[in-house]
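Working notes, beginning with the structure itself.
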Amino acid sequence: MDKWVLIDGNSIIYRAFFAMPQLTNSSGLHTNAVYGFTTMLLKLLEEEKPTHMLVAFDAGKVTFRHEGYAEYKGGREKTPPELSEQFPVLKELLRSFGIAQYELSGFEADDIIGTLSRIADESGIETVVVSGDKDMLQLASDHVTIALTRKGVTDVERYDPAQIQERYGLTPLQIIDLKGLMGDTSDNIPGIPGVGEKTALKLLHEFGSVEGVLANTSEIKGKMKEKVEAHQEDALMSKKLATIYREVPLENKADELVYNGYDGAVLGDMFRKLEFKSLIERLDLPEAGGAAADADLAEANYAVMAAGDLTADALSALLANSESFYLEAIGDNPHQAKVIGLAVASGDRIAVLSYDDLMGGKLSTPIRSWLEDAKAPKKGYDLHKAELALSWLGIELRGVTFDALLAAYLLDPTETSQTLAALIQRHRLAAIQTDETVYGKGAKFQVPGAEVLAAHLAAKADAVRRLVPLLTEELEKGHMSKLCYELEQPLAVVLAGMEKQGIKVNADVLQDLGAELEKNVAQYMSDIYAHAGMEFNINSPRQLGEVLFEKLGLPAWKKTKTGYSTDAEVLEKLEPYHEIVKLILHYRQLAKLQSTYVEGLLKEIRRDTGKVHTFYRQTIAATGRLSSQFPNLQNIPIRLEEGRRIRKAFVPSEPGWHILAADYSQIELRVLAHISGDEKMKQAFIDDTDIHTKTAMDVFGVTADQVDANMRRQAKAVNFGIVYGISGFGLANNLGIARKDAEMFIAQYFEVFQGVRAYMDNIVAQARNDGYVTTLLERRRYLPDIKASNFNLRSFAERTAMNTPIQGTAADIIKLAMVNMDKELRERGLRSRMLLQVHDELVFEVPAEELELMKTLLPQVMEGALKLDVPLKADVSYGDNWYEAK
DNA sequence: CTTCTCACG
DNA sequence: ACGTACGTGAGAAGT
């Protein structure tokens, strides 16, 4: 069975260019559009398995369409040079793939594809047309489906005639009439002025075609009638321009479209030229010239010393002059990670010890005492994980002086891969093997034999050693040395302490709650089945969508890329239509509690201690916040009472102790008041007024007692919006009001808080100028998209520029408070323990006799963490469990 | 392994 | 005109 795939080259490369972030190879060639195009090709090859394939291009500037209408495609912006330079590259890439390409002077890509799809259709050959242009829908038929790009490049939506009917209520050929009426600004096709998609569809549903509309103008009312009558000629010409010409002389071309797959070596060479390294790996393409794979790998200018090569004294001597340290622990969860070895580099020797060497034998004593010696300096990589993994072996890691992972994170917190291999590559140092190469991944993961493993661990210790001076210098240049050595590194130790300590979770409380939930979930389930008239999996959005929108016929208005959206926003809008909707919302709420918080949390409780030990990741969030994993203890329910009860299970680990919690009040807005210097906002916090009420008063121009609940709610949403980097659309969406009204609120807000407006303008300008923004403690985030020509990318970067200094400074502040508080506890010899951090909240367990002291000490330390132009405020609460501490 | 949904600040 | 709020992690489905 033949299968043809016909691609509108111009349309897709444009799409790819605007959808992909800036990307260049090391010689400065822009490659983003070609990269995007390539990912789309790969997806098509995999999904469609075509026997024939063609990429069609527009040729030259003038086509037959210009003969009747010289202004066709006039007024278009010039193609950006960053894109033009990629056309020849794309054509070369297609040759490397072995994919046919075609262009014919006087015709557009549309016409070539239109003709070939007609030929395919006439022979009954299944064909997919790929484009970003809706006009292509006119080509759909029983054998021809149209894949239109939606978001990005690889996300496409397929249309056959039935789907076009469903979406527009039109046949494929009527798509031409649609454009005839609407016109198309991008092609400079006029259509009828004032007729957009809505009106055009209405007219077509009534009269069937452009000609039908023109013949029945008497039945059209008001202004619309005048417009249609005045622009009859335009409509007819527009229809003609929009019609794809399907008789291009292309007979007997089919053989040239045959696709036989690509030659890995040829494609590999092309990808190397473009530096598409991830794709080389993904397709497992051969290395250049077959061999020489290891040519770039660093040559070991050190001797790997295994246990057999070392005496205890020799090891001690080496450790005394250590330059770097690397500990390998397998597994993502450091509390369960298996230590398989470690390496210490010193001059031309790198000692590599196994787990067994660490746990017993002649070398165990020297290595353990070195690890635990706070005076023995250690420069390493991910020592937070190392500290935890070792601690479960009864070894306390001390004396960390430099962590390459933390440094790398500070230097670029948005970088997703901070592995040693990636860091080495980014710094253009001689390469080391990736973990994936050495261990494999997924089901194929396997620890290699002792010798190979030793070589790899030694290479990593050596990599750390080579990175340290570079990272140190970059931190210095970025003014982040203090942030690294005095905040993040000490914090890593505090976090490890919290994680080792863990928090006690009462399994009985969870089990009781679970039993209750189970009953209720079952009840909801049967009620939902009764209303639906059938049983189905409510947890499956797909099945739920079918029941709601097809079986029950509820109105569908929001779609995901795979089907109907059934999220809470959709369901809330559907509530008035059917009783089942409310039941589903409740079911969802309870099922979430049951699976994630009752069952999920129960699985994390250690049988021996009854505690859960989360892991705070310090190098994930782009803003400087922490994140929490295994389990995530930063998203335990609180907003709704049913869920909040989960917190009753979090209890002190010792009898008679209490849970004490303190959270910063409005920390982000206080930070904003400080960094913007807005006098009005500063004064509001100095007077300790309710900021949302104050905002409502100023924005609505009323007195305090005139602010009702709704005004305060709206003001609160505006304040949130300000912190997020406000947009009219976002605020409108959040408040469920018209965008115009939202924009009015924002304008009014900026009228009042002029300092805030100035800050927002300045920070975006600063980001454009420097390429990055910073927090008060000089934490940095780069925003490469701030200059993007793509509106979406640029807007996103602008909002990020506004938000990151605020969210990031708040993160700085609570981190300072944590380090200071830890110090206070130790210096005062208190037994109280810090257990959790939830972005603006700290949770402790405290013995009864320390409660009074802690109730004043904790807020004092939190409020004094950083001196701002406005006071910081922390509210304390306590109880017998986390629920009571509210 | 990705997608959807939903929990938190 | 474009199409969005900022930052995370986890469970269940379905490929």
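Here, A, B, ... name the chains of the structure tokens in the order displayed, residue numbers run from 1 inside each chain, and ligands are numbered from 1 in the same displayed order.
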Q: Tell me, as a PyMOL selection string, which residues lie within 8 Å of segment 701-717 of chain A, counting only C-alpha atoms (C1' of nucleotides); anything in the same chain fewer than 5 positions away does not count.
A: chain A and resi 692-696+731+734-735
Q: Please provide the set of residues having any atom within 6 Å of segment 610-615 of chain A, restricted to only C-alpha atoms (C1' of nucleotides), with same-chain residues fewer than 6 positions apart removed, written as a PyMOL selection string.
A: chain A and resi 499+502-505+604+628-631
Using only C-alpha atoms (C1' of nucleotides), what table do you get, as a tab-separated table, when you list each residue of chain A with an atom no more than 8 Å from chain B, its nearest pair of atoms, and their distance in Å rounded to one decimal, rows by chain then rising number?
residue	atom	partner	partner_atom	distance
A:Pro541	CA	B:DC4	C1'	7.2
A:Asp567	CA	B:DT5	C1'	6.4
A:Lys592	CA	B:DC6	C1'	7.6
A:Gln634	CA	B:DC8	C1'	5.8
A:Asn635	CA	B:DC8	C1'	3.5
A:Ile636	CA	B:DC8	C1'	6.3
A:Pro637	CA	B:DA7	C1'	6.2
A:Val838	CA	B:DG9	C1'	7.0
A:His839	CA	B:DG9	C1'	5.9
A:Asp840	CA	B:DG9	C1'	7.1
Q: Do a neighbour search on segment 108-120 of chain A at 6 Å with only C-alpha atoms (C1' of nucleotides), toss out local chain neighbours closer than 4 positions, and write the hits as a PyMOL selection string.
A: chain A and resi 8+56-58+125+244-248
Please write the residues from the selection above to a file, keeping all heavy atoms, as a short mmCIF file (atom, residue, chain, number, x, y, z; two decimals), in the first residue's frame.
data_model
loop_
_atom_site.label_atom_id
_atom_site.label_comp_id
_atom_site.auth_asym_id
_atom_site.auth_seq_id
_atom_site.Cartn_x
_atom_site.Cartn_y
_atom_site.Cartn_z
N ASP A 8 4.27 21.30 2.54
CA ASP A 8 4.37 22.68 2.08
C ASP A 8 5.62 23.29 2.73
O ASP A 8 5.58 23.76 3.85
CB ASP A 8 3.09 23.41 2.52
CG ASP A 8 3.04 24.85 2.04
OD1 ASP A 8 4.10 25.38 1.64
OD2 ASP A 8 1.95 25.44 2.10
N ALA A 56 7.52 20.64 -1.21
CA ALA A 56 7.36 21.60 -2.31
C ALA A 56 7.69 23.00 -1.82
O ALA A 56 7.40 23.35 -0.68
CB ALA A 56 5.92 21.56 -2.82
N PHE A 57 8.33 23.78 -2.69
CA PHE A 57 8.66 25.16 -2.34
C PHE A 57 8.04 26.12 -3.35
O PHE A 57 7.80 25.76 -4.51
CB PHE A 57 10.18 25.35 -2.36
CG PHE A 57 10.88 24.65 -1.24
CD1 PHE A 57 11.50 23.42 -1.46
CD2 PHE A 57 10.91 25.20 0.03
CE1 PHE A 57 12.16 22.78 -0.42
CE2 PHE A 57 11.56 24.56 1.07
CZ PHE A 57 12.18 23.34 0.84
N ASP A 58 7.81 27.35 -2.91
CA ASP A 58 7.44 28.42 -3.83
C ASP A 58 8.68 28.76 -4.64
O ASP A 58 9.79 28.73 -4.11
CB ASP A 58 7.00 29.68 -3.07
CG ASP A 58 5.80 29.42 -2.18
OD1 ASP A 58 5.11 28.40 -2.39
OD2 ASP A 58 5.55 30.24 -1.28
N ILE A 125 -4.73 6.62 -3.64
CA ILE A 125 -3.57 6.49 -2.75
C ILE A 125 -3.75 7.36 -1.51
O ILE A 125 -4.09 8.54 -1.62
CB ILE A 125 -2.28 6.92 -3.49
CG1 ILE A 125 -2.04 6.00 -4.69
CG2 ILE A 125 -1.09 6.92 -2.55
CD1 ILE A 125 -0.98 6.52 -5.65
N ILE A 244 -6.59 26.77 -5.28
CA ILE A 244 -5.33 26.10 -5.60
C ILE A 244 -5.45 25.47 -6.98
O ILE A 244 -6.44 24.80 -7.29
CB ILE A 244 -5.02 25.04 -4.53
CG1 ILE A 244 -4.75 25.74 -3.18
CG2 ILE A 244 -3.83 24.19 -4.94
CD1 ILE A 244 -4.57 24.79 -2.01
N TYR A 245 -4.44 25.72 -7.78
CA TYR A 245 -4.43 25.22 -9.15
C TYR A 245 -3.95 23.77 -9.15
O TYR A 245 -2.87 23.47 -8.62
CB TYR A 245 -3.49 26.11 -9.98
CG TYR A 245 -3.42 25.74 -11.45
CD1 TYR A 245 -4.52 25.90 -12.29
CD2 TYR A 245 -2.23 25.23 -11.99
CE1 TYR A 245 -4.44 25.57 -13.63
CE2 TYR A 245 -2.14 24.90 -13.33
CZ TYR A 245 -3.26 25.06 -14.15
OH TYR A 245 -3.17 24.74 -15.48
N ARG A 246 -4.78 22.88 -9.67
CA ARG A 246 -4.45 21.46 -9.51
C ARG A 246 -4.08 20.79 -10.83
O ARG A 246 -4.18 19.58 -10.97
CB ARG A 246 -5.62 20.74 -8.83
CG ARG A 246 -6.04 21.46 -7.54
CD ARG A 246 -7.05 20.69 -6.73
NE ARG A 246 -6.47 19.50 -6.13
CZ ARG A 246 -7.09 18.75 -5.22
NH1 ARG A 246 -8.29 19.08 -4.81
NH2 ARG A 246 -6.51 17.67 -4.73
N GLU A 247 -3.68 21.64 -11.81
CA GLU A 247 -3.33 21.08 -13.13
C GLU A 247 -1.91 21.47 -13.53
O GLU A 247 -1.63 21.68 -14.70
CB GLU A 247 -4.33 21.59 -14.18
CG GLU A 247 -5.79 21.26 -13.88
CD GLU A 247 -6.09 19.76 -13.93
OE1 GLU A 247 -5.30 19.00 -14.55
OE2 GLU A 247 -7.11 19.36 -13.34
N VAL A 248 -1.03 21.58 -12.57
CA VAL A 248 0.37 21.86 -12.89
C VAL A 248 0.91 20.66 -13.67
O VAL A 248 0.57 19.52 -13.34
CB VAL A 248 1.19 22.05 -11.60
CG1 VAL A 248 2.65 22.34 -11.91
CG2 VAL A 248 0.59 23.16 -10.75
#
Q: Write down, as a list in words, each residue of chain C that has any atom within 6 Å of an atom of chain A, counting only C-alpha atoms (C1' of nucleotides).
A: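 Taking only C-alpha atoms (C1' of nucleotides) into account, DA5, DC6 and DA13 of chain C sit within 6 Å of chain A.
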Restrict the selected residues to C-alpha atoms (C1' of nucleotides) and save them as a compact mmCIF listing (two decimals), in the first residue's frame.
# COMPACT_ATOMS: atom_id res chain seq x y z
C1' DA C 5 -0.77 34.66 33.52
C1' DC C 6 4.87 32.95 37.39
C1' DA C 13 -4.11 6.72 30.90
Q: Tell me, in Å to one decimal, how far atom CA of Ala242 of chain A is from atom CA of Arg158 of chain A.
A: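 It comes out at 20.8 Å.
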Q. If you run DSSP on this backbone, which residues of segment 456-677 of chain A come out as strand (DSSP E or B), and could you give them as an MDAnalysis selection string?
A. chainID A and resid 503:505 559:560 563:564 611:612 615:617 627:629 650:651 658:664
Output C-alpha atoms of each residue in that selection to a file, as a compact mmCIF listing (two decimals), in the first residue's frame.
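And here's selection-v1.txt as it stands now:
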# COMPACT_ATOMS: atom_id res chain seq x y z
CA ILE A 503 8.75 14.36 59.33
CA LYS A 504 6.53 11.88 61.15
CA VAL A 505 3.34 10.92 59.32
CA LYS A 559 -9.84 21.30 23.12
CA THR A 560 -6.50 19.74 23.91
CA GLY A 563 -9.30 15.66 22.08
CA TYR A 564 -11.78 17.43 24.30
CA LYS A 611 8.67 9.18 58.87
CA VAL A 612 8.77 10.52 55.34
CA PHE A 615 14.38 15.60 48.96
CA TYR A 616 14.68 19.30 48.23
CA ARG A 617 16.17 19.99 44.85
CA SER A 627 11.50 22.03 44.66
CA SER A 628 10.54 18.94 46.61
CA GLN A 629 10.43 15.31 45.51
CA PHE A 650 1.79 15.33 59.86
CA VAL A 651 2.74 15.14 63.53
CA HIS A 658 4.42 20.56 68.83
CA ILE A 659 4.38 21.50 65.18
CA LEU A 660 5.32 25.15 64.79
CA ALA A 661 4.93 26.93 61.47
CA ALA A 662 5.60 30.46 60.31
CA ASP A 663 4.87 32.00 56.96
CA TYR A 664 5.84 35.26 55.39
Q.
DSSP on the backbone, alpha helix (DSSP H) only: what residues of segment 45-253 of chain A does that give? Format it as a PyMOL selection string.
A. chain A and resi 45-48+65-68+81-84+86-97+109-122+161-168+174-182+197-207+210-215+222-230+232-242
Q: Excluding Glu157 of chain A and any residue of its chain fewer than 4 positions from it, enumerate the residues within 8 Å of it, using only C-alpha atoms (C1' of nucleotides), and give them as a PyMOL selection string.
A: chain A and resi 147-150+561
Write a file of the selected residues as a PDB file, in the first residue's frame, keeping C-alpha atoms.
ATOM      1  CA  ALA A 147      -2.342  17.952   8.717  1.00  0.00           C
ATOM      2  CA  LEU A 148      -2.274  21.557   9.889  1.00  0.00           C
ATOM      3  CA  THR A 149       0.327  22.726  12.393  1.00  0.00           C
ATOM      4  CA  ARG A 150      -1.266  24.011  15.541  1.00  0.00           C
ATOM      5  CA  LYS A 561      -4.278  18.532  21.151  1.00  0.00           C
TER       6      LYS A 561
END
Q.
Taking 2 positions as the minimum chain separation for residues in the same chain, which residues sit within 12 Å of Pro448 of chain A when counting only C-alpha atoms (C1' of nucleotides)? Answer as a list in words.
A.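 In the requested format, the answer is Ile340, Asp435, Glu436, Thr437, Val438, Tyr439, Gly440, Lys444, Phe445, Gln446, Ala450, Glu451, Val452, Leu453, Ala454, Ala455, His456 and Leu457 of chain A.
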Saved selection, atoms kept: all heavy atoms, as a compact mmCIF listing (two decimals), in the first residue's frame:
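Output contents, as saved in selection.txt:
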# COMPACT_ATOMS: atom_id res chain seq x y z
N ILE A 340 27.88 3.22 44.77
CA ILE A 340 28.62 2.14 44.11
C ILE A 340 30.11 2.44 44.04
O ILE A 340 30.90 1.59 43.63
CB ILE A 340 28.10 1.84 42.69
CG1 ILE A 340 28.16 3.08 41.82
CG2 ILE A 340 26.68 1.27 42.75
CD1 ILE A 340 27.94 2.77 40.36
N ASP A 435 26.90 9.40 31.29
CA ASP A 435 26.43 8.28 32.12
C ASP A 435 25.63 7.31 31.28
O ASP A 435 25.67 6.10 31.49
CB ASP A 435 25.56 8.80 33.28
CG ASP A 435 26.40 9.48 34.34
OD1 ASP A 435 27.62 9.15 34.42
OD2 ASP A 435 25.87 10.31 35.08
N GLU A 436 24.88 7.86 30.32
CA GLU A 436 24.06 6.98 29.50
C GLU A 436 24.92 6.03 28.69
O GLU A 436 24.58 4.86 28.52
CB GLU A 436 23.18 7.84 28.58
CG GLU A 436 21.93 7.12 28.14
CD GLU A 436 21.15 7.95 27.14
OE1 GLU A 436 20.90 9.13 27.43
OE2 GLU A 436 20.81 7.41 26.08
N THR A 437 26.06 6.51 28.19
CA THR A 437 26.95 5.63 27.45
C THR A 437 27.51 4.53 28.35
O THR A 437 27.62 3.38 27.95
CB THR A 437 28.15 6.44 26.88
OG1 THR A 437 27.64 7.66 26.35
CG2 THR A 437 28.88 5.67 25.83
N VAL A 438 27.86 4.90 29.56
CA VAL A 438 28.50 3.94 30.45
C VAL A 438 27.49 2.98 31.08
O VAL A 438 27.74 1.78 31.17
CB VAL A 438 29.29 4.67 31.56
CG1 VAL A 438 29.91 3.67 32.54
CG2 VAL A 438 30.36 5.55 30.94
N TYR A 439 26.35 3.52 31.49
CA TYR A 439 25.39 2.69 32.22
C TYR A 439 24.21 2.21 31.36
O TYR A 439 23.51 1.29 31.75
CB TYR A 439 24.80 3.48 33.41
CG TYR A 439 25.83 3.92 34.43
CD1 TYR A 439 26.04 5.26 34.68
CD2 TYR A 439 26.55 2.98 35.17
CE1 TYR A 439 26.96 5.68 35.64
CE2 TYR A 439 27.49 3.39 36.12
CZ TYR A 439 27.69 4.74 36.35
OH TYR A 439 28.59 5.14 37.28
N GLY A 440 23.95 2.88 30.23
CA GLY A 440 22.71 2.61 29.51
C GLY A 440 21.56 3.29 30.23
O GLY A 440 21.77 3.95 31.24
N LYS A 444 17.73 -1.04 30.14
CA LYS A 444 19.08 -1.50 29.82
C LYS A 444 20.13 -1.01 30.82
O LYS A 444 21.32 -1.25 30.61
CB LYS A 444 19.46 -1.02 28.41
CG LYS A 444 18.73 -1.76 27.30
CD LYS A 444 19.29 -1.32 25.95
CE LYS A 444 18.32 -1.68 24.83
NZ LYS A 444 18.37 -0.67 23.76
N PHE A 445 19.70 -0.30 31.84
CA PHE A 445 20.66 0.24 32.80
C PHE A 445 21.45 -0.88 33.46
O PHE A 445 20.88 -1.84 33.95
CB PHE A 445 19.93 1.05 33.87
CG PHE A 445 20.86 1.76 34.81
CD1 PHE A 445 21.21 3.08 34.59
CD2 PHE A 445 21.42 1.11 35.90
CE1 PHE A 445 22.08 3.74 35.44
CE2 PHE A 445 22.29 1.76 36.76
CZ PHE A 445 22.62 3.08 36.53
N GLN A 446 22.77 -0.73 33.44
CA GLN A 446 23.59 -1.76 34.07
C GLN A 446 24.92 -1.16 34.49
O GLN A 446 25.56 -0.44 33.73
CB GLN A 446 23.81 -2.90 33.08
CG GLN A 446 24.08 -4.19 33.79
CD GLN A 446 24.48 -5.30 32.83
OE1 GLN A 446 24.47 -5.13 31.61
NE2 GLN A 446 24.84 -6.44 33.40
N ALA A 450 34.22 -3.66 37.24
CA ALA A 450 34.99 -2.80 38.14
C ALA A 450 35.92 -1.86 37.40
O ALA A 450 36.02 -0.68 37.74
CB ALA A 450 35.77 -3.67 39.13
N GLU A 451 36.59 -2.37 36.38
CA GLU A 451 37.60 -1.55 35.74
C GLU A 451 37.00 -0.40 34.94
O GLU A 451 37.45 0.75 35.04
CB GLU A 451 38.45 -2.43 34.82
CG GLU A 451 39.90 -2.00 34.82
CD GLU A 451 40.79 -3.10 34.28
OE1 GLU A 451 40.82 -4.20 34.89
OE2 GLU A 451 41.42 -2.86 33.24
N VAL A 452 35.96 -0.72 34.18
CA VAL A 452 35.28 0.32 33.39
C VAL A 452 34.66 1.36 34.33
O VAL A 452 34.77 2.56 34.10
CB VAL A 452 34.18 -0.31 32.50
CG1 VAL A 452 33.39 0.78 31.79
CG2 VAL A 452 34.81 -1.27 31.51
N LEU A 453 34.05 0.87 35.41
CA LEU A 453 33.44 1.79 36.37
C LEU A 453 34.49 2.69 36.99
O LEU A 453 34.31 3.91 37.09
CB LEU A 453 32.72 0.98 37.47
CG LEU A 453 32.07 1.83 38.57
CD1 LEU A 453 30.97 2.72 37.99
CD2 LEU A 453 31.50 0.95 39.68
N ALA A 454 35.60 2.11 37.39
CA ALA A 454 36.67 2.89 38.01
C ALA A 454 37.15 3.99 37.06
O ALA A 454 37.34 5.14 37.46
CB ALA A 454 37.82 1.99 38.42
N ALA A 455 37.29 3.63 35.80
CA ALA A 455 37.76 4.63 34.82
C ALA A 455 36.75 5.77 34.72
O ALA A 455 37.13 6.95 34.64
CB ALA A 455 37.95 3.96 33.46
N HIS A 456 35.47 5.43 34.74
CA HIS A 456 34.44 6.45 34.60
C HIS A 456 34.41 7.36 35.82
O HIS A 456 34.33 8.58 35.70
CB HIS A 456 33.08 5.78 34.40
CG HIS A 456 31.98 6.74 34.08
ND1 HIS A 456 32.07 7.70 33.10
CD2 HIS A 456 30.74 6.90 34.63
CE1 HIS A 456 30.95 8.40 33.05
NE2 HIS A 456 30.12 7.94 33.97
N LEU A 457 34.47 6.77 37.01
CA LEU A 457 34.44 7.59 38.22
C LEU A 457 35.68 8.48 38.30
O LEU A 457 35.61 9.64 38.71
CB LEU A 457 34.32 6.71 39.47
CG LEU A 457 33.06 5.84 39.56
CD1 LEU A 457 32.90 5.27 40.96
CD2 LEU A 457 31.81 6.63 39.17
